[in-house]
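**Student:** Take a look at structure.txt, compact mmCIF, C-alpha atoms:
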# COMPACT_ATOMS: atom_id res chain seq x y z
CA MET A 144 -30.93 -74.74 -81.31
CA LYS A 145 -31.35 -77.81 -79.10
CA HIS A 146 -34.84 -78.56 -77.78
CA TYR A 147 -35.93 -76.32 -74.91
CA THR A 148 -38.58 -77.44 -72.41
CA LYS A 149 -40.61 -74.37 -71.50
CA GLY A 150 -41.54 -74.02 -67.82
CA ARG A 151 -38.46 -75.84 -66.54
CA GLY A 152 -35.09 -74.44 -65.54
CA ALA A 153 -33.08 -77.65 -65.79
CA GLN A 154 -33.62 -79.38 -69.11
CA TYR A 155 -32.65 -82.89 -68.06
CA ASN A 156 -31.51 -85.05 -65.15
CA PRO A 157 -27.75 -85.46 -64.86
CA GLN A 158 -26.64 -88.58 -63.00
CA ASN A 159 -26.52 -88.34 -59.23
CA ARG A 160 -22.81 -88.23 -58.41
CA PHE A 161 -23.34 -90.49 -55.40
CA PHE A 162 -24.60 -93.30 -57.63
CA THR A 163 -22.10 -95.66 -59.27
CA ASN A 164 -24.60 -96.76 -61.89
CA GLU A 165 -27.37 -94.96 -63.76
CA TYR A 166 -30.78 -96.55 -63.29
CA GLY A 167 -32.93 -94.01 -65.10
CA GLN A 168 -35.40 -93.06 -62.36
CA HIS A 169 -33.74 -91.55 -59.30
CA HIS A 170 -35.43 -92.44 -56.04
CA VAL A 171 -34.86 -92.77 -52.33
CA GLU A 172 -35.40 -96.08 -50.59
CA GLY A 173 -38.75 -95.91 -48.82
CA ILE A 174 -40.07 -93.00 -50.90
CA ASP A 175 -42.51 -93.67 -53.74
CA GLU A 176 -41.13 -93.69 -57.26
CA TRP A 177 -42.82 -91.25 -59.59
CA GLU A 178 -43.50 -91.58 -63.27
CA GLU A 179 -41.22 -89.29 -65.23
CA GLU A 180 -43.26 -86.36 -66.54
CA PRO A 181 -41.10 -83.31 -67.35
CA THR A 182 -43.87 -80.73 -66.84
CA ARG A 183 -45.51 -82.18 -63.73
CA THR A 184 -44.51 -81.61 -60.10
CA PHE A 185 -44.77 -84.30 -57.43
CA GLN A 186 -44.44 -84.11 -53.68
CA THR A 187 -44.03 -86.49 -50.78
CA THR A 188 -43.76 -86.03 -47.03
CA VAL A 189 -40.64 -86.80 -45.05
CA HIS A 190 -39.89 -86.62 -41.33
CA PRO A 191 -36.32 -85.43 -40.74
CA LYS A 192 -34.81 -85.39 -37.26
CA THR A 193 -33.63 -81.78 -37.44
CA LEU A 194 -34.68 -78.57 -39.17
CA VAL A 195 -32.51 -75.66 -38.04
CA ASN A 196 -28.92 -75.74 -39.26
CA LYS A 197 -25.87 -73.76 -38.17
CA VAL A 198 -24.38 -71.87 -41.12
CA ASP A 199 -20.61 -71.85 -41.01
CA SER A 200 -20.02 -69.83 -44.19
CA PRO A 201 -19.08 -66.18 -43.56
CA ASP A 202 -20.34 -65.21 -47.02
CA VAL A 203 -24.09 -65.69 -46.80
CA GLY A 204 -25.09 -63.28 -44.04
CA MET A 205 -26.92 -65.74 -41.80
CA ALA A 206 -25.99 -67.74 -38.73
CA TYR A 207 -28.83 -70.29 -38.77
CA SER A 208 -31.19 -71.46 -41.48
CA ALA A 209 -34.34 -73.57 -41.65
CA ASN A 210 -35.94 -75.03 -44.77
CA PRO A 211 -39.37 -76.69 -44.54
CA TYR A 212 -39.07 -78.05 -48.08
CA GLN A 213 -36.35 -79.88 -49.96
CA GLY A 214 -36.26 -79.21 -53.69
CA CYS A 215 -37.92 -76.13 -55.16
CA GLU A 216 -40.60 -75.85 -57.79
CA HIS A 217 -39.42 -72.39 -58.80
CA GLY A 218 -36.82 -74.10 -60.97
CA CYS A 219 -34.16 -71.37 -61.00
CA ILE A 220 -31.43 -72.81 -63.20
CA TYR A 221 -28.56 -71.31 -61.18
CA CYS A 222 -29.76 -72.47 -57.74
CA TYR A 223 -26.90 -73.74 -55.57
CA ALA A 224 -29.37 -75.86 -53.59
CA ARG A 225 -29.76 -78.23 -56.54
CA ASN A 226 -26.69 -80.16 -55.42
CA SER A 227 -28.27 -80.94 -52.05
CA HIS A 228 -31.07 -82.89 -53.73
CA GLN A 229 -28.50 -85.56 -54.53
CA TYR A 230 -28.15 -86.39 -50.83
CA TRP A 231 -31.77 -87.56 -50.92
CA GLY A 232 -31.07 -89.82 -53.89
CA TYR A 233 -32.36 -87.59 -56.65
CA SER A 234 -30.82 -85.64 -59.50
CA ALA A 235 -29.87 -81.97 -59.28
CA GLY A 236 -31.71 -81.43 -62.56
CA ILE A 237 -35.41 -81.82 -63.27
CA ASP A 238 -35.77 -83.93 -60.11
CA PHE A 239 -34.87 -80.92 -57.96
CA GLU A 240 -37.72 -78.81 -59.28
CA SER A 241 -40.30 -81.54 -59.87
CA LYS A 242 -39.92 -83.85 -56.85
CA ILE A 243 -40.44 -81.83 -53.71
CA LEU A 244 -39.96 -83.28 -50.25
CA VAL A 245 -42.26 -81.78 -47.61
CA LYS A 246 -40.88 -81.78 -44.07
CA GLU A 247 -44.24 -82.30 -42.43
CA ASN A 248 -42.85 -82.12 -38.90
CA ALA A 249 -41.01 -78.83 -39.55
CA PRO A 250 -43.09 -76.71 -37.12
CA ALA A 251 -42.62 -79.23 -34.29
CA LEU A 252 -38.88 -79.43 -34.98
CA PHE A 253 -38.64 -75.64 -35.04
CA GLN A 254 -40.35 -75.25 -31.67
CA GLU A 255 -38.24 -78.04 -30.21
CA PHE A 256 -35.07 -76.29 -31.37
CA ILE A 257 -35.87 -72.85 -29.96
CA SER A 258 -36.89 -74.49 -26.67
CA ARG A 259 -33.37 -75.72 -25.97
CA LYS A 260 -31.88 -74.31 -22.79
CA SER A 261 -28.74 -73.34 -24.68
CA TRP A 262 -30.58 -71.40 -27.39
CA GLN A 263 -29.88 -67.66 -27.34
CA ALA A 264 -32.54 -66.45 -29.81
CA ASP A 265 -30.14 -65.78 -32.68
CA THR A 266 -31.86 -64.92 -35.94
CA ILE A 267 -32.99 -67.92 -38.00
CA SER A 268 -33.27 -67.43 -41.76
CA LEU A 269 -36.00 -69.14 -43.72
CA SER A 270 -35.03 -70.08 -47.29
CA GLY A 271 -31.33 -70.47 -46.66
CA ASN A 272 -31.46 -73.36 -49.13
CA THR A 273 -34.86 -73.61 -50.84
CA ASP A 274 -37.69 -71.08 -51.00
CA CYS A 275 -40.02 -71.31 -48.01
CA TYR A 276 -42.80 -69.70 -50.09
CA GLN A 277 -42.60 -71.96 -53.12
CA PRO A 278 -46.03 -72.95 -54.54
CA ILE A 279 -46.72 -75.95 -52.27
CA GLU A 280 -46.54 -73.69 -49.20
CA ARG A 281 -50.03 -72.57 -50.21
CA LYS A 282 -51.23 -76.09 -49.39
CA TYR A 283 -49.06 -77.13 -46.45
CA GLN A 284 -48.59 -73.77 -44.68
CA LEU A 285 -45.45 -74.95 -42.89
CA THR A 286 -43.83 -71.54 -43.16
CA ARG A 287 -46.90 -69.84 -41.72
CA GLN A 288 -46.91 -72.25 -38.78
CA ILE A 289 -43.23 -71.57 -38.14
CA LEU A 290 -43.83 -67.81 -38.22
CA GLN A 291 -46.67 -68.12 -35.74
CA ILE A 292 -44.43 -70.07 -33.36
CA ALA A 293 -41.71 -67.44 -33.81
CA LEU A 294 -44.17 -64.65 -33.00
CA ASP A 295 -45.53 -66.49 -29.97
CA HIS A 296 -42.03 -66.95 -28.54
CA GLY A 297 -40.28 -63.79 -29.70
CA GLN A 298 -37.89 -65.61 -32.04
CA PRO A 299 -36.28 -63.34 -34.71
CA ILE A 300 -36.73 -64.51 -38.32
CA GLY A 301 -35.20 -63.44 -41.61
CA ILE A 302 -36.91 -64.35 -44.89
CA ILE A 303 -35.77 -64.34 -48.50
CA THR A 304 -38.15 -65.35 -51.25
CA LYS A 305 -39.08 -64.97 -54.92
CA ASN A 306 -42.77 -65.58 -54.31
CA SER A 307 -45.54 -63.09 -53.59
CA LEU A 308 -47.20 -65.71 -51.38
CA VAL A 309 -45.37 -64.04 -48.48
CA LYS A 310 -48.16 -61.44 -48.55
CA ARG A 311 -50.54 -64.06 -47.17
CA ASP A 312 -48.65 -63.90 -43.87
CA MET A 313 -48.55 -60.13 -43.51
CA ASP A 314 -50.80 -60.37 -40.46
CA ILE A 315 -48.14 -62.33 -38.58
CA LEU A 316 -45.20 -60.42 -40.05
CA GLU A 317 -46.74 -57.07 -39.11
CA GLU A 318 -46.98 -58.16 -35.47
CA MET A 319 -43.41 -59.48 -35.60
CA ALA A 320 -42.19 -56.19 -37.10
CA LYS A 321 -43.62 -54.25 -34.16
CA LYS A 322 -41.22 -56.22 -31.95
CA GLN A 323 -38.26 -56.09 -34.39
CA LEU A 324 -38.55 -59.81 -35.00
CA CYS A 325 -38.48 -59.97 -38.80
CA ALA A 326 -37.09 -58.69 -42.08
CA VAL A 327 -38.16 -59.80 -45.56
CA TYR A 328 -35.96 -59.74 -48.65
CA LEU A 329 -37.28 -60.29 -52.16
CA SER A 330 -34.81 -61.74 -54.63
CA ILE A 331 -34.84 -59.74 -57.88
CA ASN A 332 -32.03 -59.90 -60.44
CA SER A 333 -33.90 -58.86 -63.60
CA LEU A 334 -36.88 -56.74 -64.57
CA THR A 335 -37.04 -58.29 -68.04
CA GLU A 336 -39.92 -60.75 -68.13
CA ALA A 337 -38.50 -62.81 -71.02
CA THR A 338 -35.30 -63.33 -69.02
CA ARG A 339 -37.20 -64.19 -65.84
CA GLN A 340 -39.33 -66.78 -67.62
CA LYS A 341 -36.22 -68.68 -68.75
CA LEU A 342 -34.01 -68.09 -65.74
CA GLU A 343 -36.60 -68.57 -62.97
CA PRO A 344 -39.55 -70.18 -64.79
CA ARG A 345 -42.00 -70.74 -61.91
CA THR A 346 -41.38 -67.68 -59.78
CA ALA A 347 -43.51 -64.57 -59.38
CA THR A 348 -42.87 -61.91 -62.01
CA ALA A 349 -40.55 -59.04 -61.14
CA ARG A 350 -43.55 -56.70 -61.25
CA GLU A 351 -45.38 -58.84 -58.69
CA ARG A 352 -42.30 -59.00 -56.45
CA LEU A 353 -42.04 -55.21 -56.51
CA ARG A 354 -45.72 -54.96 -55.61
CA THR A 355 -45.05 -57.34 -52.76
CA LEU A 356 -42.21 -55.13 -51.51
CA GLU A 357 -44.52 -52.13 -51.58
CA GLU A 358 -47.31 -53.85 -49.67
CA LEU A 359 -44.99 -55.26 -47.02
CA SER A 360 -43.28 -51.93 -46.54
CA ALA A 361 -46.63 -50.15 -46.25
CA ARG A 362 -47.48 -52.45 -43.33
CA GLY A 363 -44.28 -51.47 -41.51
CA ILE A 364 -42.45 -54.71 -42.31
CA PRO A 365 -38.71 -54.11 -42.92
CA THR A 366 -37.88 -55.00 -46.53
CA GLY A 367 -34.93 -55.25 -48.85
CA ILE A 368 -33.84 -57.05 -51.99
CA MET A 369 -31.12 -59.40 -53.04
CA CYS A 370 -30.05 -58.60 -56.58
CA ALA A 371 -28.87 -62.15 -56.92
CA PRO A 372 -27.30 -63.82 -58.53
CA ILE A 373 -25.95 -61.29 -60.98
CA ILE A 374 -25.00 -63.11 -64.19
CA PRO A 375 -22.29 -61.29 -66.16
CA GLY A 376 -23.28 -60.89 -69.79
CA LEU A 377 -26.95 -61.59 -69.06
CA THR A 378 -28.32 -59.55 -66.14
CA ASP A 379 -25.50 -57.29 -64.92
CA HIS A 380 -26.65 -54.38 -67.10
CA GLU A 381 -29.95 -54.29 -65.15
CA ILE A 382 -28.38 -53.45 -61.77
CA PRO A 383 -29.26 -49.70 -61.85
CA ALA A 384 -32.87 -50.32 -62.90
CA VAL A 385 -33.40 -53.11 -60.35
CA LEU A 386 -32.08 -50.98 -57.50
CA GLN A 387 -34.13 -47.95 -58.51
CA ALA A 388 -37.31 -50.02 -58.78
CA ALA A 389 -36.65 -51.64 -55.40
CA SER A 390 -36.14 -48.26 -53.76
CA ASP A 391 -39.27 -46.85 -55.39
CA HIS A 392 -41.29 -49.73 -53.95
CA GLY A 393 -40.14 -49.37 -50.35
CA ALA A 394 -36.98 -51.43 -50.05
CA ARG A 395 -34.49 -50.09 -47.53
CA TRP A 396 -31.58 -52.41 -48.21
CA ALA A 397 -30.02 -54.28 -51.09
CA GLY A 398 -27.34 -56.91 -51.45
CA TYR A 399 -25.92 -58.90 -54.33
CA THR A 400 -23.98 -61.99 -55.28
CA ILE A 401 -22.31 -63.04 -58.52
CA VAL A 402 -23.38 -66.39 -59.88
CA ARG A 403 -21.09 -69.34 -59.21
CA LEU A 404 -21.71 -72.71 -60.80
CA ASN A 405 -20.70 -75.28 -58.22
CA GLY A 406 -21.03 -79.05 -58.65
CA GLU A 407 -23.73 -80.20 -61.06
CA ILE A 408 -24.95 -76.63 -61.54
CA ALA A 409 -22.19 -76.00 -64.08
CA VAL A 410 -23.32 -78.90 -66.28
CA LEU A 411 -26.98 -77.91 -66.03
CA PHE A 412 -26.30 -74.20 -66.62
CA LYS A 413 -24.15 -74.86 -69.70
CA ASP A 414 -26.87 -77.04 -71.20
CA TRP A 415 -29.50 -74.40 -70.39
CA LEU A 416 -27.42 -71.62 -71.95
CA GLU A 417 -26.91 -73.55 -75.17
CA LYS A 418 -30.67 -74.01 -75.46
CA THR A 419 -31.81 -70.54 -74.42
CA TYR A 420 -29.02 -68.17 -75.49
CA PRO A 421 -26.92 -70.12 -78.03
CA ASP A 422 -25.56 -66.92 -79.56
CA ARG A 423 -24.22 -65.70 -76.20
CA ALA A 424 -23.46 -68.91 -74.34
CA ASP A 425 -19.68 -68.85 -74.71
CA LYS A 426 -19.44 -65.15 -73.86
CA ILE A 427 -21.54 -65.52 -70.72
CA LEU A 428 -19.59 -68.55 -69.50
CA HIS A 429 -16.29 -66.76 -70.16
CA GLN A 430 -17.40 -63.72 -68.13
CA ILE A 431 -18.58 -65.89 -65.24
CA ALA A 432 -15.23 -67.71 -65.25
CA SER A 433 -13.37 -64.39 -65.26
CA CYS A 434 -14.99 -63.64 -61.90
CA HIS A 435 -13.73 -66.91 -60.36
CA HIS A 436 -10.06 -67.16 -61.33
CA GLY A 437 -10.84 -68.77 -64.67
CA GLN A 438 -13.23 -71.37 -63.23
CA LEU A 439 -17.02 -71.47 -63.18
CA ASN A 440 -16.95 -71.97 -59.43
CA ASN A 441 -14.85 -70.65 -56.60
CA SER A 442 -15.42 -72.16 -53.17
CA THR A 443 -13.01 -69.91 -51.28
CA PHE A 444 -14.65 -68.16 -48.35
CA GLY A 445 -14.40 -64.41 -48.64
CA ASN A 446 -14.77 -63.97 -52.40
CA ARG A 447 -16.80 -66.92 -53.69
CA MET A 448 -20.08 -64.95 -53.58
CA ARG A 449 -18.72 -61.64 -54.93
CA GLY A 450 -15.96 -62.91 -57.20
CA SER A 451 -12.70 -61.22 -58.14
CA GLY A 452 -11.08 -59.73 -61.22
CA ASN A 453 -12.03 -56.83 -63.49
CA ILE A 454 -15.63 -57.77 -64.24
CA ALA A 455 -16.38 -58.52 -60.58
CA GLN A 456 -14.92 -55.15 -59.63
CA ILE A 457 -17.04 -53.34 -62.23
CA ILE A 458 -20.15 -55.06 -60.87
CA LYS A 459 -19.18 -54.15 -57.30
CA ASP A 460 -18.56 -50.49 -58.14
CA ASN A 461 -21.75 -50.23 -60.21
CA PHE A 462 -23.85 -51.80 -57.46
CA LYS A 463 -22.35 -49.62 -54.74
CA LEU A 464 -22.81 -46.42 -56.78
CA HIS A 465 -26.45 -47.03 -57.65
CA ALA A 466 -27.38 -48.32 -54.21
CA ARG A 467 -26.12 -45.02 -52.82
CA LYS A 468 -27.96 -43.01 -55.49
CA CYS A 469 -31.18 -44.86 -54.69
CA GLY A 470 -30.85 -44.25 -50.96
CA LEU A 471 -30.42 -47.92 -50.11
CA ASN A 472 -28.32 -49.32 -47.26
CA GLN A 473 -28.35 -46.00 -45.39
CA ASP A 474 -28.96 -47.75 -42.09
CA THR A 475 -28.81 -51.26 -40.68
CA HIS A 476 -31.57 -53.49 -39.40
CA SER A 477 -31.27 -54.96 -35.94
CA PHE A 478 -33.32 -57.85 -34.59
CA SER A 479 -34.50 -57.82 -31.00
CA LYS A 480 -34.03 -60.70 -28.56
CA THR A 481 -35.83 -59.00 -25.71
CA HIS A 482 -39.18 -60.66 -26.43
CA PHE A 483 -37.83 -64.20 -26.55
CA ARG A 484 -39.27 -66.84 -24.24
CA ARG A 485 -38.81 -70.58 -24.40
CA SER A 486 -41.67 -72.99 -24.91
CA THR A 487 -43.33 -74.59 -21.94
CA SER A 488 -44.47 -78.20 -21.91
CA SER A 489 -48.06 -77.08 -22.61
CA ASP A 490 -46.87 -75.11 -25.67
CA GLN A 491 -45.22 -78.22 -27.05
CA LEU A 492 -48.24 -80.43 -26.46
CA ARG A 493 -50.39 -78.15 -28.65
CA LEU A 494 -48.29 -79.13 -31.69
CA PHE A 495 -49.40 -82.75 -31.62
What does this structure look like when you write it as structure tokens?
**Tutor:**
Amino acid sequence: MKHYTKGRGAQYNPQNRFFTNEYGQHHVEGIDEWEEEPTRTFQTTVHPKTLVNKVDSPDVGMAYSANPYQGCEHGCIYCYARNSHQYWGYSAGIDFESKILVKENAPALFQEFISRKSWQADTISLSGNTDCYQPIERKYQLTRQILQIALDHGQPIGIITKNSLVKRDMDILEEMAKKQLCAVYLSINSLTEATRQKLEPRTATARERLRTLEELSARGIPTGIMCAPIIPGLTDHEIPAVLQAASDHGARWAGYTIVRLNGEIAVLFKDWLEKTYPDRADKILHQIASCHHGQLNNSTFGNRMRGSGNIAQIIKDNFKLHARKCGLNQDTHSFSKTHFRRSTSSDQLRLF
């Protein structure tokens, strides 16, 4: 078996597709270069002009997203956000999970956005791209600041995370829940710790995520899970157990996606499979492709997240059956806009 670097999802840095030449160390003009150390994580602050983005895709269940960090230390090998790291001048590989950009002005940008006269208090999802509760949130607390602003102004927020750090903010989330301003989803696609360690090397364990669900739910915070992404031939057999565990720990809803390997993710995932599951690599890749018309990626709106074909249908039927058996998705969650108020000039001054 080829060498496997424990504690990393991606095992190397593929060339940034926006670069004509390969220079070894990927970097952005004006941002410090970092010495290449495969097991160390670096961070730097950036000051983007915008934070909240309109989501045009009909497949992802959100209208607006905000991400206080670019790159994600969790290192999930399948993460579609890896490709976006290339726009900053880095690789979608090890760079994505080891060189984290901190949007230091994220809270100010968030408040500025929801203060627009045209803003109608639509729900904004945190972690639409990278996890808002990845490890460096413990230090920077950008997500907590955003949640406090949302609570102060009655702005609805949806959260999806793989990190139990969300429990730190239960005081804010509990107050938001009383006004129907929040819902928290934990992403869980496997209960097998050996699989989790390879697939999502720096995330909270499945056991800890289930505990987090239970604690949030006990505080009256609406919770659910995303069984995502389901990887045919690797995690699809765990669907019934994942859904049952989620239900037992207080989740009210569950959703799923089937993995799709877009852009550089296909190259990275193939390399990872050959190093972690060499005996099953070809079978897993073949089953993934069978869900996307023979390709590892399908970008067609409508079925790119759920796939098509026999295996995708089996996964769909299995998920639907066990979600019903576990009492999940029996109702819908609605966010309230009735508490929303725009910032005043004095509110904005307090940010600086």
**Student:** Check the smallest atom-to-atom distance from each of A:Gly218, A:Gly236, A:Pro211, A:Pro344 to Leu411 (chain A) using all atoms listed in the file, then report the winner.
**Tutor:**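 Closest candidate: A:Gly236.
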**Student:** I'd like the neighbourhood of Gly301 (chain A) as a CSV table (one decimal) with C-alpha atoms, in the frame of the given file, where a residue qualifies if any of its atoms comes within 9 Å (using all atoms listed in the file), though same-chain residues fewer than 3 positions away should be ignored.
**Tutor:**
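Contents of the output file selection.csv:
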chain,number,residue,atom,x,y,z
A,205,MET,CA,-26.9,-65.7,-41.8
A,208,SER,CA,-31.2,-71.5,-41.5
A,266,THR,CA,-31.9,-64.9,-35.9
A,267,ILE,CA,-33.0,-67.9,-38.0
A,268,SER,CA,-33.3,-67.4,-41.8
A,269,LEU,CA,-36.0,-69.1,-43.7
A,270,SER,CA,-35.0,-70.1,-47.3
A,324,LEU,CA,-38.6,-59.8,-35.0
A,325,CYS,CA,-38.5,-60.0,-38.8
A,326,ALA,CA,-37.1,-58.7,-42.1
A,327,VAL,CA,-38.2,-59.8,-45.6
A,328,TYR,CA,-36.0,-59.7,-48.6
**Student:** Which is closer to His465 (chain A) than all the others in A:Ile427, A:Leu342, A:Met313, A:Ala384, using all atoms listed in the file?
**Tutor:**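 Result for the nearest residue to His465 (chain A): A:Ala384.
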**Student:** Of the candidates A:Gly363, A:Gly152, A:Pro250, A:Gly450, which shows the shortest atom-to-atom distance to Val402 (chain A), using only C-alpha atoms?
**Tutor:**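 Ranking A:Gly363, A:Gly152, A:Pro250, A:Gly450 by distance to Val402 (chain A), first place goes to A:Gly450.
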**Student:** Select, from A:Gln154, A:Gln291, A:Asn332, A:Thr286, the residue with the minimum atom-to-atom distance to Thr419 (chain A), counting only C-alpha atoms.
**Tutor:**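 Using only C-alpha atoms, the shortest distance to Thr419 (chain A) belongs to A:Gln154.
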**Student:** Between CA of His146 (chain A) and CA of Lys418 (chain A), what is the distance, to one decimal in Å?
**Tutor:** 6.6 Å
**Student:** Using all atoms listed in the file, which residue out of A:Thr475, A:Thr481, A:Asn440, A:Asn306 lies closest to Gly367 (chain A)?
**Tutor:**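 Counting all atoms listed in the file, the residue closest to Gly367 (chain A) is A:Thr475.
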**Student:** Taking into account only C-alpha atoms, which residue in the set A:Asp422, A:Glu247, A:Glu317, A:Glu407 is nearest to Ala224 (chain A)?
**Tutor:** A:Glu407
**Student:** Please rebuild region 446-454 of chain A with all heavy atoms and return the result as a tab-separated table (two decimals), keeping the file's coordinate frame.
**Tutor:**
chain	number	residue	atom	x	y	z
A	446	ASN	N	-14.50	-64.57	-51.08
A	446	ASN	CA	-14.77	-63.97	-52.40
A	446	ASN	C	-15.58	-64.87	-53.32
A	446	ASN	O	-15.83	-64.52	-54.47
A	446	ASN	CB	-13.48	-63.55	-53.09
A	446	ASN	CG	-12.61	-64.73	-53.50
A	446	ASN	OD1	-12.99	-65.88	-53.32
A	446	ASN	ND2	-11.44	-64.43	-54.04
A	447	ARG	N	-16.04	-66.02	-52.82
A	447	ARG	CA	-16.80	-66.92	-53.69
A	447	ARG	C	-18.16	-66.35	-54.11
A	447	ARG	O	-18.65	-66.64	-55.19
A	447	ARG	CB	-17.02	-68.28	-53.00
A	447	ARG	CG	-17.80	-68.20	-51.72
A	447	ARG	CD	-17.94	-69.56	-51.06
A	447	ARG	NE	-18.83	-69.49	-49.91
A	447	ARG	CZ	-19.71	-70.44	-49.60
A	447	ARG	NH1	-19.78	-71.52	-50.33
A	447	ARG	NH2	-20.48	-70.31	-48.55
A	448	MET	N	-18.77	-65.50	-53.26
A	448	MET	CA	-20.08	-64.95	-53.58
A	448	MET	C	-20.00	-63.63	-54.37
A	448	MET	O	-20.93	-63.27	-55.06
A	448	MET	CB	-20.89	-64.70	-52.30
A	448	MET	CG	-20.99	-65.90	-51.38
A	448	MET	SD	-21.74	-67.36	-52.15
A	448	MET	CE	-23.46	-66.90	-52.17
A	449	ARG	N	-18.88	-62.92	-54.24
A	449	ARG	CA	-18.72	-61.64	-54.93
A	449	ARG	C	-17.73	-61.70	-56.08
A	449	ARG	O	-17.68	-60.79	-56.90
A	449	ARG	CB	-18.27	-60.57	-53.92
A	449	ARG	CG	-19.28	-60.29	-52.81
A	449	ARG	CD	-20.52	-59.59	-53.35
A	449	ARG	NE	-21.49	-59.28	-52.31
A	449	ARG	CZ	-21.50	-58.17	-51.59
A	449	ARG	NH1	-20.54	-57.28	-51.75
A	449	ARG	NH2	-22.44	-57.97	-50.70
A	450	GLY	N	-16.91	-62.76	-56.11
A	450	GLY	CA	-15.96	-62.91	-57.20
A	450	GLY	C	-14.76	-61.99	-57.08
A	450	GLY	O	-14.62	-61.22	-56.13
A	451	SER	N	-13.90	-62.06	-58.08
A	451	SER	CA	-12.70	-61.22	-58.14
A	451	SER	C	-12.36	-60.97	-59.61
A	451	SER	O	-12.92	-61.59	-60.50
A	451	SER	CB	-11.53	-61.90	-57.42
A	451	SER	OG	-11.27	-63.17	-57.99
A	452	GLY	N	-11.44	-60.06	-59.84
A	452	GLY	CA	-11.08	-59.73	-61.22
A	452	GLY	C	-11.81	-58.48	-61.70
A	452	GLY	O	-12.61	-57.87	-60.99
A	453	ASN	N	-11.54	-58.10	-62.95
A	453	ASN	CA	-12.03	-56.83	-63.49
A	453	ASN	C	-13.56	-56.76	-63.56
A	453	ASN	O	-14.16	-55.75	-63.17
A	453	ASN	CB	-11.44	-56.59	-64.88
A	453	ASN	CG	-9.96	-56.31	-64.84
A	453	ASN	OD1	-9.43	-55.87	-63.82
A	453	ASN	ND2	-9.26	-56.56	-65.94
A	454	ILE	N	-14.18	-57.80	-64.08
A	454	ILE	CA	-15.63	-57.77	-64.24
A	454	ILE	C	-16.32	-57.74	-62.88
A	454	ILE	O	-17.28	-56.99	-62.66
A	454	ILE	CB	-16.12	-58.97	-65.07
A	454	ILE	CG1	-15.65	-58.81	-66.52
A	454	ILE	CG2	-17.64	-59.10	-65.02
A	454	ILE	CD1	-16.02	-59.96	-67.43
